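Just below is one structure, and these are the notes that go with it.
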Amino acid sequence: MVLDLAQIHALLPDAPAPASAQASLRIHGVNTLELARETDLCFAEKPEQAAAVEKSGAGAVLVPLEFPELSGPFLIRSPRPRENFFRIAALFGPEPEIRGIHRSAVVEPGAMLGEEVAIGANAVIAADVRIGDRCIIGASCYLGQGVTLGNDCIIEPNVTIQRNCRLGDRCIVHSGAVIGGDGFGFHWDGTGHRKIPQLGRVVIEDDVDIGCNSCVDRATLGETRIRRGTKIDNLVQVAHNTDIGAHVILVSQAGVAGSSTVGTGAVIAGQVAISDHVNVGAGARVGGQSGVTKDVPGGATVFGTPARPMKDTLRELAALAQLPDLLKQFRSQTQELAALRERVQTLEQNRPK
Amino acid sequence: MVLDLAQIHALLPDAPAPASAQASLRIHGVNTLELARETDLCFAEKPEQAAAVEKSGAGAVLVPLEFPELSGPFLIRSPRPRENFFRIAALFGPEPEIRGIHRSAVVEPGAMLGEEVAIGANAVIAADVRIGDRCIIGASCYLGQGVTLGNDCIIEPNVTIQRNCRLGDRCIVHSGAVIGGDGFGFHWDGTGHRKIPQLGRVVIEDDVDIGCNSCVDRATLGETRIRRGTKIDNLVQVAHNTDIGAHVILVSQAGVAGSSTVGTGAVIAGQVAISDHVNVGAGARVGGQSGVTKDVPGGATVFGTPARPMKDTLRELAALAQLPDLLKQFRSQTQELAALRERVQTLEQNRPK
Amino acid sequence: MVLDLAQIHALLPDAPAPASAQASLRIHGVNTLELARETDLCFAEKPEQAAAVEKSGAGAVLVPLEFPELSGPFLIRSPRPRENFFRIAALFGPEPEIRGIHRSAVVEPGAMLGEEVAIGANAVIAADVRIGDRCIIGASCYLGQGVTLGNDCIIEPNVTIQRNCRLGDRCIVHSGAVIGGDGFGFHWDGTGHRKIPQLGRVVIEDDVDIGCNSCVDRATLGETRIRRGTKIDNLVQVAHNTDIGAHVILVSQAGVAGSSTVGTGAVIAGQVAISDHVNVGAGARVGGQSGVTKDVPGGATVFGTPARPMKDTLRELAALAQLPDLLKQFRSQTQELAALRERVQTLEQNRPK
C-alpha cells in the first residue's frame, strides 16, 4: 500500500488543496514522530509539538489548520488531524495473515462456512458450527458444537468458544479469550459443593470486542448477553447470566459477578469488581479498583470500595489525610478544656457568696 | 432426552403423587421462566413469582408445596423445588462433544490411557502421561511429561497441564487454565534477577474444579496442593508452594501468593489478594477485594486492605463517612473554646481581689 | 544426573574440604527437608531448623558454617547454603521435553530457524518468523508473521506471539501468555466506539520472563517495550505503548495502563493498578493492591488507592482505627463544653456589677 499526496488529500475532505511542491511524496506507512522515516505519515495536535515535528524524519505530518510553519516534514493541514490520521492509518493496517482453510485445520462434518472464510492452522471447528461470510478464525482456535458467528468476525489465534454460543457481525475476539465457560455455581449438599449444571449460553451482539485472556461465562439457564458495540479489554471476567449493555467499556482486569447488569454506555475502569445481582445504570462511570456492592444510578460517577458517589469518596479521602493531625489537635484541645474547667472551678469557688 | 410426568415424579421421591390430567406432558429441556417453551421444565421458589409462573410458556414448573394454584404451566409440587430442578437439569446436560481419540491428536509413546478415554482434535499428550478411565481431554490441550489424571476428569479445550502434575478423580479444568507453570522465584545476584529452578509439582485432589484462564504454579521444591472438593473460579492465581484446603471457594480474580495456606471450607471472594506466607484458617471468610497481609483465625470474617475483622472495617468506614462533618464541627468547637477561654479570662481579671 | 560428594564440593568453591567418610554419597535430586529421600540434597539456613534437618530423610543438607553438629543427614557447610543449593538444583532441572521439529508442527514457508531449534507438536510458525539458536517452542504455540526471537528462548506450550513482535535472548514466555494483542484504543464517533488501528509492536529485550496467561499489548504506533532482565508474573496486564524498565518485578495480577512507564528496578506488587500516562521512577516500590494515579518519584515506596507515600497511608490507617472512638469522645467533649459554657454564663450573670 502506497499513497501519494493527492490520494491522501482525497481522503481528507475537510483539508485545503494540496501544495503542488510535494507532488512526489510517497507514503508507505504511519508512525510516531520519534520513529518515523521519510515514507511515513505522522500527526501532531498541539503547537507545543512543533519542535518534535521539525526534528521528525517523517515524510509528512497531519497538523491542525493553525499549526506553525516550519522546515522539516511536509505539513498537511486539516481541522481534525488525529481523526484523519487514524482513518488513513486503517488503510495501512495489517493484511489478514491467513486465507482459505489451512490444510491442518479440523472442520467437523456439519459445520457450515460462509463465503471467503479463512481458518488458520490447527484450528478446530466442531460439528454444527455456523460461520458467517468473511470471518477469520485464527490458528489453534476451538469452536464448540453449535457455535454461531455472524459475518466479518475476527477470532484471533488460541481462542476458545464453547458449545452453542452466538456472536453477531464484526466481532473481534482476541487471543486466549474463553467464551462460554461454565458459570461458577454450586450448592452445598452437606458433604461437598455440588456443581449446578450450566445449561445456558452466551450471546454476543454486533461490533463487540473481547480482549486477550478475558472470560465470558455461559448462563446457568438462559443467556449471558453482551450488547452491541461494547468493548472489553484484556483479563476481564464476565460471569454467568450478566447483561452487559450496548457501547459499554470494561477496562482490563475488571470483573462483573453473576446476574448483574451494566447499562448502555457505562464505563467500568480497570480492576473494578461488580458484585452479583447489582445493576449499574446507563452512562454510569465506575472509577478504577472500585468495588460496586449495590445499584449505581444511571449517569452517576462512583468510586471506592464499597463504591459511593465519587465526590463523597474524594471528600472522605481528603478528610482522612487530615485525621492524624486532628487526633493530635483533639488531644491538645481536651487538655485545654480540662485546664479551662479548672479555671472555671476556681472562679466558682472564689465567687462572692 | 425426553421425560414424561411419571418419569419426573419418579425423580422426586419427596413429591406427592402426580396428577393424572397431565399424563401427556413431555419435557425436552430446562429453562428460565422467561425463555421457556412448552417442552421446558422450570422452577420457582417464592409466592412472589406466581405472576411470572402464570405468564411463562413452560410446560411444567417445579414449585414448593405451598405455592398458589394458578392457570398456566402445570405445577409439580415438592418440598425442595430448586434442588430437585437442578437434579433433573443435570440429565439434560450436554452430551460429551467428543468420543474416542481424534485422528489429529498427538499421543506420544509411553502415554497410558484408561478405558473409554476421549481425546479431542489436536490435543497433545506427552510421553509417560497416565490418564484414568472415562477422562475427556478437549481439543488443543497439552499434557506434559509424567502428568497423571485420575478417573472421570474433564479437561476442557486449550488447557495446559505441565510436567509431573497430578490430578485426582472427577476434576474439571476449564479452558485456558494453566496447571504447573513455574513458581515466580528469583534471587538478585548483584547484576540481575536469577531464576530459582522450579522443581516441584502441583497435586490436585479429587473433585476439584479450576476455572477458565486460572493459573496454579508448581512448587519450587515439593508440592503446591489443592485439596479435595475445592472450587476455583476464572482468572485466579494460585502461587507456588501454597496449600489450598478442602472444599474451599476461590472466587474470580483472587490471588494467593507463595507458600500461603487456606484452611478447609474457607470462602475467598473476588479480587482478594492473600500475601505470601500467610495462613487463612478453616471456615474463614474474606470479603471482596480484601488484601490479607497476616494470618486470619479459623472462622473469622475479614474485610479491607489490609484485611481486619469485618465489623471493625465496617465501623471504620461508617466513621469515615462522618469525618468531613467532624472536621467542620471540630473547627467550630475550637472557636467556641477560644471564645469561652476569653470569657473566663475576663471573669478572672474582673474578680474581686 | 547423579552427583557424588566430591562433585558437589567442586561446585562449592567457598566450602571447606569434604569429609572423606561420606565419599559414597550419591545425590540424584533436590527436595524439601520434609519430602527428601536418601538420594536427595536439601538446604537449611537457620539453627532453628536443626530438628527438621535431623528428622529429614535427605542424604545431605547444605548448611551454614556455624550450623550445629547433629546425627542424621550428612551436613555440607558453606557460607551461602541457599545460593549454593539453587546453583546445584539447576543441574537437576528438567530436561527439555522436546527436540527437533515435531512432525505435526506447521512451519510456513519463509520462516527461518536457527541451530538446534525445537518445535513442539501442533505449534504454528507463520511466514517470515525468525527463531534464534537453541530456542524451544512448546506445543500448540502460535508465532505470527514477522515475529523475531533471539537465541535460547523458551516459549512454553499454548503461547501466542502476534505479528512483528520481537524478543531478545534467553526470554521465557509461560503458557497462555499473549504477546502483541491489540492495544485497547477507540474513539467515539457519535454512534459507536470506533477501533483505532493498532499498528505498532512489542519489543522484549534479553532475559525477560513473562508469566502464565499474562498479556502484553502492541503499541498503537511505535513500541511497547519491556527492558532487559524484567520478570513478569502470571495474569499481569501490560497495556499498549508502555515502557517497562530493566530488572523490574511485576507481581501477579498487576496492571499497567497505556503509555505509562516503570523505571529500572522498580517492584510492583500483586494486583497493583498503574493508571495511564503515569511514570513510576527507578527503584520505586508499590505496595500490593495500590492504585497509582500520578507519578511516583524514583526510590519512593507508595501504598494505597490512590497511592501515596507508604508512611502517610499507614499513618492514616492507624488514625482511622482510632476514629470511631474519637467520634464518641468528641460528642462527650461537645457536651462538656456546653456544660462549661453554662457555668461560665452563670458566673458572668452573678459577677459583681
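Letters A, B, ... go to the chains of the C-alpha cells in the order shown; residues in each chain start at 1; ligands are counted from 1 in the same order.
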
Find the residues in chain A near chain B: any atom within 8 Å counts, using only C-alpha atoms. Write them as a PyMOL selection string.
-> chain A and resi 106+122+124+140+142+144-145+158+160+176-178+181-182+184+192-193+196-200+213-215+221-222+235+237+253+255+273+291+315-316+319-320+326+333+337+340+343-344+347+351

Quick one: pick out all strand (DSSP E or B) residues within stretch 97-316 of chain A from a backbone DSSP run and write them as JSON, numbers by chain.
-> {"A": [101, 106, 107, 112, 113, 118, 119, 124, 125, 130, 131, 136, 137, 142, 143, 148, 149, 154, 155, 160, 161, 166, 167, 172, 173, 178, 179, 180, 181, 186, 187, 188, 193, 194, 195, 201, 202, 203, 204, 209, 210, 215, 216, 217, 223, 224, 225, 226, 231, 232, 237, 238, 243, 244, 249, 250, 255, 256, 261, 262, 267, 268, 273, 274, 279, 280, 285, 286, 291, 292, 296, 301, 302, 303, 308, 309]}

Those residues you just picked out, can you put them in a file as a CSV table (one decimal), in the first residue's frame with C-alpha atoms?
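Result file follows (selection_17.csv):
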chain,number,residue,atom,x,y,z
A,101,ILE,CA,-8.9,-23.2,5.1
A,106,VAL,CA,-10.1,-29.7,11.6
A,107,VAL,CA,-13.6,-28.9,10.3
A,112,MET,CA,-21.3,-24.6,7.7
A,113,LEU,CA,-18.9,-22.0,6.5
A,118,ALA,CA,-10.4,-18.2,6.4
A,119,ILE,CA,-9.4,-20.8,9.0
A,124,VAL,CA,-10.8,-27.0,15.4
A,125,ILE,CA,-14.4,-26.4,14.2
A,130,ARG,CA,-22.1,-21.9,11.5
A,131,ILE,CA,-19.5,-19.2,10.4
A,136,ILE,CA,-11.2,-15.1,10.0
A,137,ILE,CA,-10.6,-17.9,12.5
A,142,TYR,CA,-11.6,-24.1,19.2
A,143,LEU,CA,-15.3,-23.5,18.2
A,148,THR,CA,-22.7,-19.4,15.5
A,149,LEU,CA,-20.8,-16.5,14.2
A,154,ILE,CA,-12.1,-11.9,13.6
A,155,ILE,CA,-11.2,-14.7,16.0
A,160,THR,CA,-12.0,-20.9,22.8
A,161,ILE,CA,-15.7,-20.5,22.1
A,166,ARG,CA,-23.6,-17.0,19.4
A,167,LEU,CA,-21.7,-14.0,18.1
A,172,ILE,CA,-13.3,-9.4,17.4
A,173,VAL,CA,-12.2,-11.9,20.0
A,178,VAL,CA,-12.7,-18.0,26.5
A,179,ILE,CA,-16.4,-17.5,25.6
A,180,GLY,CA,-18.9,-19.9,27.2
A,181,GLY,CA,-17.0,-21.4,30.1
A,186,PHE,CA,-22.5,-24.8,43.3
A,187,HIS,CA,-24.8,-25.9,46.1
A,188,TRP,CA,-23.6,-27.4,49.3
A,193,HIS,CA,-20.0,-28.4,46.8
A,194,ARG,CA,-22.2,-29.9,44.0
A,195,LYS,CA,-21.9,-28.4,40.6
A,201,ARG,CA,-25.3,-19.9,26.6
A,202,VAL,CA,-23.5,-16.6,25.7
A,203,VAL,CA,-25.0,-14.2,23.2
A,204,ILE,CA,-22.7,-11.5,21.9
A,209,ASP,CA,-14.6,-6.8,21.0
A,210,ILE,CA,-13.4,-9.2,23.7
A,215,CYS,CA,-13.6,-14.8,30.1
A,216,VAL,CA,-17.3,-14.7,29.4
A,217,ASP,CA,-19.2,-17.4,31.2
A,223,GLU,CA,-28.3,-16.2,28.4
A,224,THR,CA,-25.3,-14.2,29.3
A,225,ARG,CA,-25.6,-11.3,27.0
A,226,ILE,CA,-23.2,-8.6,25.8
A,231,LYS,CA,-15.6,-3.2,24.1
A,232,ILE,CA,-13.9,-5.4,26.6
A,237,GLN,CA,-14.2,-11.6,33.9
A,238,VAL,CA,-17.9,-11.5,32.9
A,243,ASP,CA,-26.3,-8.5,30.9
A,244,ILE,CA,-23.7,-6.0,29.6
A,249,ILE,CA,-16.4,0.0,28.1
A,250,LEU,CA,-14.9,-2.7,30.5
A,255,GLY,CA,-14.9,-8.3,36.9
A,256,VAL,CA,-18.7,-8.5,36.8
A,261,THR,CA,-26.3,-5.8,34.7
A,262,VAL,CA,-24.4,-2.9,33.3
A,267,VAL,CA,-17.6,3.0,31.6
A,268,ILE,CA,-16.1,0.5,34.1
A,273,ALA,CA,-15.3,-5.6,40.9
A,274,ILE,CA,-19.1,-5.5,40.5
A,279,ASN,CA,-27.4,-3.0,38.5
A,280,VAL,CA,-25.1,-0.3,37.1
A,285,ARG,CA,-18.8,5.7,35.4
A,286,VAL,CA,-17.0,3.5,37.9
A,291,GLY,CA,-16.0,-2.4,44.5
A,292,VAL,CA,-19.6,-2.0,43.5
A,296,VAL,CA,-25.5,2.6,40.8
A,301,THR,CA,-19.9,8.5,38.9
A,302,VAL,CA,-18.8,6.3,41.8
A,303,PHE,CA,-15.5,5.3,43.4
A,308,ARG,CA,-20.0,5.6,46.7
A,309,PRO,CA,-20.5,8.8,44.7

Mind the document's chain letters and residue numbers, and return as a ChimeraX atom specification the residues of stretch 18-79 of chain B that DSSP labels alpha helix (DSSP H).
-> /B:50-55

Å distance separating atom CA of A:Asn84 from atom CA of A:Met1, one decimal place | 17.4 Å

Atom pair atom CA of A:Arg218 / atom CA of A:Gly185: separation (Å) |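 Interatomic distance, atom CA of A:Arg218 to atom CA of A:Gly185: 11.1 Å.
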
Would you list the contacts of B:Gly59 as a ChimeraX atom specification, taking every protein, DNA or RNA residue within 7 Å and counting only C-alpha atoms, but skipping same-chain residues closer than 2 positions in sequence?
-> /B:37-41,57,73-74

Restricting it to N, CA and C atoms, dump the selection as a PDB file, in the first residue's frame.
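Wrote again.pdb, looks like this:
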ATOM      1  N   ARG B  37     -40.238 -22.737  26.708  1.00  0.00           N
ATOM      2  CA  ARG B  37     -41.289 -23.148  25.791  1.00  0.00           C
ATOM      3  C   ARG B  37     -42.059 -24.324  26.397  1.00  0.00           C
ATOM      4  N   GLU B  38     -43.085 -24.807  25.695  1.00  0.00           N
ATOM      5  CA  GLU B  38     -43.979 -25.799  26.297  1.00  0.00           C
ATOM      6  C   GLU B  38     -43.328 -27.151  26.548  1.00  0.00           C
ATOM      7  N   THR B  39     -42.137 -27.371  26.003  1.00  0.00           N
ATOM      8  CA  THR B  39     -41.427 -28.620  26.286  1.00  0.00           C
ATOM      9  C   THR B  39     -40.373 -28.419  27.380  1.00  0.00           C
ATOM     10  N   ASP B  40     -40.373 -27.253  28.029  1.00  0.00           N
ATOM     11  CA  ASP B  40     -39.354 -26.966  29.053  1.00  0.00           C
ATOM     12  C   ASP B  40     -39.913 -27.100  30.470  1.00  0.00           C
ATOM     13  N   LEU B  41     -39.021 -27.503  31.362  1.00  0.00           N
ATOM     14  CA  LEU B  41     -39.307 -27.524  32.797  1.00  0.00           C
ATOM     15  C   LEU B  41     -38.611 -26.315  33.444  1.00  0.00           C
ATOM     16  N   GLY B  57     -44.211 -19.600  29.340  1.00  0.00           N
ATOM     17  CA  GLY B  57     -44.589 -20.568  28.309  1.00  0.00           C
ATOM     18  C   GLY B  57     -44.173 -21.990  28.640  1.00  0.00           C
ATOM     19  N   PRO B  73     -48.689 -22.940  33.283  1.00  0.00           N
ATOM     20  CA  PRO B  73     -47.947 -24.211  33.239  1.00  0.00           C
ATOM     21  C   PRO B  73     -48.413 -25.160  34.332  1.00  0.00           C
ATOM     22  N   PHE B  74     -48.229 -26.443  34.075  1.00  0.00           N
ATOM     23  CA  PHE B  74     -48.546 -27.456  35.075  1.00  0.00           C
ATOM     24  C   PHE B  74     -47.581 -27.341  36.251  1.00  0.00           C
TER      25      PHE B  74
END

Atom pair atom CA of B:Gln7 / atom CA of B:Glu116: separation (Å) =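 Interatomic distance here is 28.9 Å.
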